[in-house]
Amino acid sequence: MKLLYASNLLLLAGLSSSCLLPEERAGGSVRRSLNRRQGNSGKAIGKGDRFSAGASFPRGIGSGNATDMSTILNINEVTSGLQGLVKEYGIQTFTTPYKTYEGRSIQGAKIGGSGTYHVWLNGAIHARERGSHDSVLYFISDLLYAQKHGTGLTYGRKSYTNADVTKALSTGIVVTPLINPDGVNYDQTSNSCWRKNRNPKSSSSRDPDTIGIDLNRNFDFAWDLKKWASSVAGDVASTNPSSEVFQGTAAFSEPESQSMKYILDTYTKVRWFIDLHSYAGDVLYSWGSDTDQTTQPYKNFLNTTYNSVRGITSDSTSSRYGEYISTQDLSAVQTVGNRFGAAMSTAAGRKYTVMQSAYLYPTSGASDDYAFSRHIADPTKNKVYAYTVEFGFSNNQASCPFYPTAAQYTSSLQETNAGFIEFLLAAADVGLE
């Protein structure tokens, strides 16, 4: 059964490119001097500050689109946009205690929930995935505007009432729109299809591609490649600094991943988590390490007996290995994930697929697996249902396919924001505690 299921889903995965380009899948890097990287860079990046250092506030596409969206938000506008929301709505913001290599702070906000926060939305962990931080910032702007003015929200073909807005806000939401500010700034100013952060600790002076760590291979979930079958260990992450999936020198070696751990440690009631990526048109649920199985709890990421076979999704879960998830947990992540994907598909008419993360490709040290694994590794931690959402689709005319056209940017905003509110409503229905 696993073989048939895996082959069908792997076929789907082969049709999409997701966070990695084909040449990057096996630990390769983008050679940014190639002609295929030259040409237009999609929708332009904003040059100024449309929120005037917080004097004005963002409004998203669902509440009437009052903000000028002719360009993508630059990194400074994320900060000034949050400041504008503080001034207009009195929300609380926070700064994590870790500075990036280039000295930037990582900022977030918390809204709704009467002081208890059950949902976390994270954006822009991979620098080149343009539109991610815009999606998160504009979404909370919409929720706050609709709450204050007693209105609903409309995202393309998907509409929500003010009662829906109130219910969504009741979940209590933590957001970090821009978790990788150094990488995003570099990508926006260089148009280099940059994925990683900008830490040069492991780099070679003769190879600029060796700068940076793939932050989504830097979490403490099966980070050690010895925990993986030898046939897949070179694909789930890399020890080569020139690779786009370079895992870093240790789990949580980076201030950005440390900041994400800090948020989970600080907001201890978070039950639902989304890490927003592009592009593939997928909603991905746990696990990303191997095929889910619900009958053998001892087959899990902590059990070193299975290190030699972990990550082979084409083998048998009963006689070999599959990652354990309880029937109840699997039902919960699928139920909410299906609602998320259906809302995204409806909003702009582009089809999204909901599936297990491992069938896109197995990964080591990913944020979603780390978030879900915490309560297993340490039973005192809260259980966190975690998703990677791959919004949007390739722009094959751009210098980097992650750089959207203006039309793609608008569709992606409609999809992510409709998906977010549906996610909040579904989480409230399934359970926040």
# chains A, B, ... in the order shown; residues from 1 in each chain; ligands from 1

call {"tool": "select_by_dssp", "arguments": {"residues": "segment 267-424 of chain A", "states": "helix (DSSP H, G or I)", "output": "ChimeraX atom specification"}}
result
/A:304-306,327-348,357-359,367-377,406-424

call {"tool": "closest_atom_pairs", "arguments": {"of": "segment 115-209 of chain A", "to": "segment 417-432 of chain A", "cutoff": "12 Å", "atoms": "only C-alpha atoms", "output": "Markdown table"}}
result
| residue | atom | partner | partner_atom | distance |
| --- | --- | --- | --- | --- |
| A:Thr116 | CA | A:Leu432 | CA | 10.3 |
| A:Tyr117 | CA | A:Leu432 | CA | 9.2 |
| A:His118 | CA | A:Leu432 | CA | 6.1 |
| A:Val119 | CA | A:Leu424 | CA | 7.6 |
| A:Trp120 | CA | A:Leu424 | CA | 10.1 |
| A:Leu121 | CA | A:Phe420 | CA | 8.6 |
| A:Asn122 | CA | A:Phe420 | CA | 11.4 |
| A:Gly131 | CA | A:Asn417 | CA | 11.6 |
| A:Ser132 | CA | A:Asn417 | CA | 10.8 |
| A:His133 | CA | A:Asn417 | CA | 11.8 |
| A:Asp134 | CA | A:Asn417 | CA | 10.3 |
| A:Ser135 | CA | A:Asn417 | CA | 6.7 |
| A:Val136 | CA | A:Asn417 | CA | 7.9 |
| A:Leu137 | CA | A:Asn417 | CA | 10.0 |
| A:Tyr138 | CA | A:Asn417 | CA | 8.2 |
| A:Phe139 | CA | A:Asn417 | CA | 5.7 |
| A:Ile140 | CA | A:Asn417 | CA | 9.1 |
| A:Ser141 | CA | A:Asn417 | CA | 10.7 |
| A:Asp142 | CA | A:Asn417 | CA | 9.0 |
| A:Leu143 | CA | A:Ile421 | CA | 8.8 |
| A:Gly152 | CA | A:Ile421 | CA | 11.3 |
| A:Leu153 | CA | A:Ala418 | CA | 8.9 |
| A:Thr154 | CA | A:Ala418 | CA | 8.0 |
| A:Tyr155 | CA | A:Ala418 | CA | 5.8 |
| A:Gly156 | CA | A:Ala418 | CA | 8.5 |
| A:Arg157 | CA | A:Ala418 | CA | 9.3 |
| A:Lys158 | CA | A:Ala418 | CA | 6.6 |
| A:Ser159 | CA | A:Ala418 | CA | 8.0 |
| A:Tyr160 | CA | A:Ile421 | CA | 8.3 |
| A:Thr161 | CA | A:Ile421 | CA | 10.8 |
| A:Asn162 | CA | A:Ile421 | CA | 11.6 |
| A:Ala163 | CA | A:Leu425 | CA | 10.6 |
| A:Asp164 | CA | A:Leu425 | CA | 7.3 |
| A:Val165 | CA | A:Ile421 | CA | 7.7 |
| A:Thr166 | CA | A:Leu425 | CA | 9.8 |
| A:Lys167 | CA | A:Leu425 | CA | 6.7 |
| A:Ala168 | CA | A:Leu424 | CA | 5.1 |
| A:Leu169 | CA | A:Leu424 | CA | 7.9 |
| A:Ser170 | CA | A:Ala428 | CA | 8.4 |
| A:Thr171 | CA | A:Ala428 | CA | 6.5 |
| A:Gly172 | CA | A:Leu424 | CA | 9.2 |
| A:Ile173 | CA | A:Leu424 | CA | 8.9 |
| A:Val174 | CA | A:Leu424 | CA | 11.9 |
| A:Val175 | CA | A:Phe420 | CA | 11.7 |

call {"tool": "residues_around", "arguments": {"residues": "segment 79-90 of chain A", "least_positions_apart": "6", "cutoff": "12 Å", "atoms": "only C-alpha atoms", "output": "MDAnalysis selection string"}}
result
chainID A and resid 48:60 67 73 104:112 133:134 136:149 175:179 181

call {"tool": "residues_around", "arguments": {"residues": "segment 351-356 of chain A", "least_positions_apart": "6", "cutoff": "8 Å", "atoms": "only C-alpha atoms", "output": "NGL selection string"}}
result
:A and (9 or 281-288 or 291-292 or 337-338 or 341-342 or 344-345)

call {"tool": "write_last_selection", "arguments": {"atoms": "C-alpha atoms", "output": "mmCIF file, in the first residue's frame"}}
result
data_model
loop_
_atom_site.group_PDB
_atom_site.id
_atom_site.type_symbol
_atom_site.label_atom_id
_atom_site.label_comp_id
_atom_site.auth_asym_id
_atom_site.auth_seq_id
_atom_site.Cartn_x
_atom_site.Cartn_y
_atom_site.Cartn_z
ATOM 1 C CA LEU A 9 2.241 11.313 -4.498
ATOM 2 C CA GLY A 281 0.651 24.975 -4.910
ATOM 3 C CA ASP A 282 0.801 22.615 -1.929
ATOM 4 C CA VAL A 283 -0.380 22.412 1.669
ATOM 5 C CA LEU A 284 1.969 19.981 3.430
ATOM 6 C CA TYR A 285 1.388 18.313 6.803
ATOM 7 C CA SER A 286 3.629 16.152 9.052
ATOM 8 C CA TRP A 287 5.762 14.217 8.700
ATOM 9 C CA GLY A 288 8.495 15.275 6.288
ATOM 10 C CA THR A 291 5.681 7.927 5.289
ATOM 11 C CA ASP A 292 3.127 8.416 8.080
ATOM 12 C CA GLY A 337 -5.134 21.035 5.887
ATOM 13 C CA ASN A 338 -7.954 20.074 3.533
ATOM 14 C CA GLY A 341 -6.203 23.890 0.591
ATOM 15 C CA ALA A 342 -9.842 24.135 -0.497
ATOM 16 C CA MET A 344 -6.786 28.554 -1.428
ATOM 17 C CA SER A 345 -8.072 26.720 -4.507
#

call {"tool": "residues_around", "arguments": {"residues": "Arg320 of chain A", "least_positions_apart": "4", "cutoff": "9 Å", "atoms": "only C-alpha atoms", "output": "PyMOL selection string"}}
result
chain A and resi 306+309-310+315-316

call {"tool": "closest_residue", "arguments": {"among": "A:Asn307, A:Ser399, A:Asn300, A:Ser314", "to": "Ile376 of chain A", "atoms": "only C-alpha atoms"}}
result
A:Asn300

call {"tool": "closest_atom_pairs", "arguments": {"of": "segment 33-145 of chain A", "to": "segment 236-257 of chain A", "cutoff": "12 Å", "atoms": "only C-alpha atoms", "output": "Markdown table"}}
result
| residue | atom | partner | partner_atom | distance |
| --- | --- | --- | --- | --- |
| A:Thr95 | CA | A:Glu256 | CA | 11.8 |
| A:Thr96 | CA | A:Glu256 | CA | 9.2 |
| A:Pro97 | CA | A:Pro255 | CA | 8.8 |
| A:Tyr98 | CA | A:Pro255 | CA | 5.3 |
| A:Lys99 | CA | A:Pro255 | CA | 6.2 |
| A:Thr100 | CA | A:Pro255 | CA | 5.6 |
| A:Tyr101 | CA | A:Pro255 | CA | 7.8 |
| A:Glu102 | CA | A:Pro255 | CA | 10.7 |
| A:Gly103 | CA | A:Pro255 | CA | 10.3 |
| A:Arg104 | CA | A:Pro255 | CA | 10.1 |
| A:Ser105 | CA | A:Glu256 | CA | 9.5 |
| A:Ile106 | CA | A:Glu256 | CA | 7.7 |
| A:Gln107 | CA | A:Glu256 | CA | 10.9 |
| A:Asn122 | CA | A:Glu256 | CA | 11.5 |
| A:Gly123 | CA | A:Glu256 | CA | 11.7 |
| A:Ala124 | CA | A:Glu256 | CA | 10.8 |
| A:Ile125 | CA | A:Glu256 | CA | 8.4 |
| A:His126 | CA | A:Glu244 | CA | 10.3 |
| A:Ala127 | CA | A:Glu244 | CA | 11.5 |
| A:Arg128 | CA | A:Glu244 | CA | 11.8 |

call {"tool": "write_last_selection", "arguments": {"atoms": "N, CA, C and O atoms", "output": "mmCIF file, in the first residue's frame"}}
result
data_model
loop_
_atom_site.group_PDB
_atom_site.id
_atom_site.type_symbol
_atom_site.label_atom_id
_atom_site.label_comp_id
_atom_site.auth_asym_id
_atom_site.auth_seq_id
_atom_site.Cartn_x
_atom_site.Cartn_y
_atom_site.Cartn_z
ATOM 1 N N THR A 95 10.211 41.697 19.913
ATOM 2 C CA THR A 95 11.473 41.451 19.219
ATOM 3 C C THR A 95 12.149 40.256 19.878
ATOM 4 O O THR A 95 12.247 40.196 21.112
ATOM 5 N N THR A 96 12.594 39.299 19.098
ATOM 6 C CA THR A 96 13.268 38.142 19.680
ATOM 7 C C THR A 96 14.652 38.575 20.188
ATOM 8 O O THR A 96 15.191 39.596 19.754
ATOM 9 N N PRO A 97 15.247 37.824 21.096
ATOM 10 C CA PRO A 97 16.524 38.245 21.678
ATOM 11 C C PRO A 97 17.755 37.956 20.824
ATOM 12 O O PRO A 97 18.884 38.107 21.304
ATOM 13 N N TYR A 98 17.565 37.565 19.566
ATOM 14 C CA TYR A 98 18.691 37.176 18.719
ATOM 15 C C TYR A 98 18.816 38.126 17.533
ATOM 16 O O TYR A 98 17.861 38.325 16.783
ATOM 17 N N LYS A 99 19.982 38.697 17.343
ATOM 18 C CA LYS A 99 20.273 39.545 16.192
ATOM 19 C C LYS A 99 20.827 38.690 15.048
ATOM 20 O O LYS A 99 21.602 37.745 15.270
ATOM 21 N N THR A 100 20.473 39.052 13.829
ATOM 22 C CA THR A 100 21.000 38.346 12.670
ATOM 23 C C THR A 100 22.484 38.672 12.476
ATOM 24 O O THR A 100 23.032 39.578 13.121
ATOM 25 N N TYR A 101 23.118 37.956 11.561
ATOM 26 C CA TYR A 101 24.534 38.211 11.306
ATOM 27 C C TYR A 101 24.772 39.675 10.945
ATOM 28 O O TYR A 101 25.762 40.274 11.376
ATOM 29 N N GLU A 102 23.892 40.273 10.171
ATOM 30 C CA GLU A 102 24.050 41.664 9.756
ATOM 31 C C GLU A 102 23.470 42.653 10.766
ATOM 32 O O GLU A 102 23.394 43.848 10.486
ATOM 33 N N GLY A 103 23.088 42.158 11.931
ATOM 34 C CA GLY A 103 22.682 43.035 13.016
ATOM 35 C C GLY A 103 21.227 43.440 13.033
ATOM 36 O O GLY A 103 20.836 44.369 13.765
ATOM 37 N N ARG A 104 20.395 42.754 12.287
ATOM 38 C CA ARG A 104 18.973 43.097 12.254
ATOM 39 C C ARG A 104 18.209 42.369 13.355
ATOM 40 O O ARG A 104 18.567 41.254 13.747
ATOM 41 N N SER A 105 17.144 42.998 13.804
ATOM 42 C CA SER A 105 16.240 42.372 14.766
ATOM 43 C C SER A 105 15.143 41.623 14.029
ATOM 44 O O SER A 105 14.780 41.967 12.898
ATOM 45 N N ILE A 106 14.608 40.593 14.675
ATOM 46 C CA ILE A 106 13.470 39.840 14.142
ATOM 47 C C ILE A 106 12.251 40.221 14.958
ATOM 48 O O ILE A 106 12.210 40.036 16.175
ATOM 49 N N GLN A 107 11.263 40.780 14.267
ATOM 50 C CA GLN A 107 10.100 41.348 14.927
ATOM 51 C C GLN A 107 8.855 40.528 14.644
ATOM 52 O O GLN A 107 8.725 39.888 13.593
ATOM 53 N N ASN A 122 4.341 32.186 10.201
ATOM 54 C CA ASN A 122 5.716 32.614 9.949
ATOM 55 C C ASN A 122 5.953 32.803 8.461
ATOM 56 O O ASN A 122 5.514 31.981 7.644
ATOM 57 N N GLY A 123 6.671 33.868 8.109
ATOM 58 C CA GLY A 123 6.928 34.136 6.698
ATOM 59 C C GLY A 123 8.396 34.361 6.392
ATOM 60 O O GLY A 123 9.197 34.730 7.258
ATOM 61 N N ALA A 124 8.741 34.109 5.130
ATOM 62 C CA ALA A 124 10.022 34.510 4.521
ATOM 63 C C ALA A 124 11.238 33.835 5.132
ATOM 64 O O ALA A 124 12.291 34.445 5.262
ATOM 65 N N ILE A 125 11.135 32.563 5.450
ATOM 66 C CA ILE A 125 12.320 31.841 5.930
ATOM 67 C C ILE A 125 13.304 31.621 4.783
ATOM 68 O O ILE A 125 14.515 31.588 4.994
ATOM 69 N N HIS A 126 12.796 31.490 3.564
ATOM 70 C CA HIS A 126 13.642 31.414 2.378
ATOM 71 C C HIS A 126 13.550 32.741 1.628
ATOM 72 O O HIS A 126 12.469 33.172 1.237
ATOM 73 N N ALA A 127 14.703 33.355 1.412
ATOM 74 C CA ALA A 127 14.750 34.760 1.014
ATOM 75 C C ALA A 127 14.067 35.051 -0.319
ATOM 76 O O ALA A 127 13.422 36.084 -0.474
ATOM 77 N N ARG A 128 14.209 34.165 -1.273
ATOM 78 C CA ARG A 128 13.753 34.456 -2.637
ATOM 79 C C ARG A 128 12.254 34.245 -2.849
ATOM 80 O O ARG A 128 11.731 34.556 -3.931
#

call {"tool": "residues_around", "arguments": {"residues": "Ala377 of chain A", "least_positions_apart": "5", "cutoff": "10 Å", "atoms": "only C-alpha atoms", "output": "list in words"}}
result
Phe221, Phe301, Leu302, Tyr370 and Phe372 of chain A
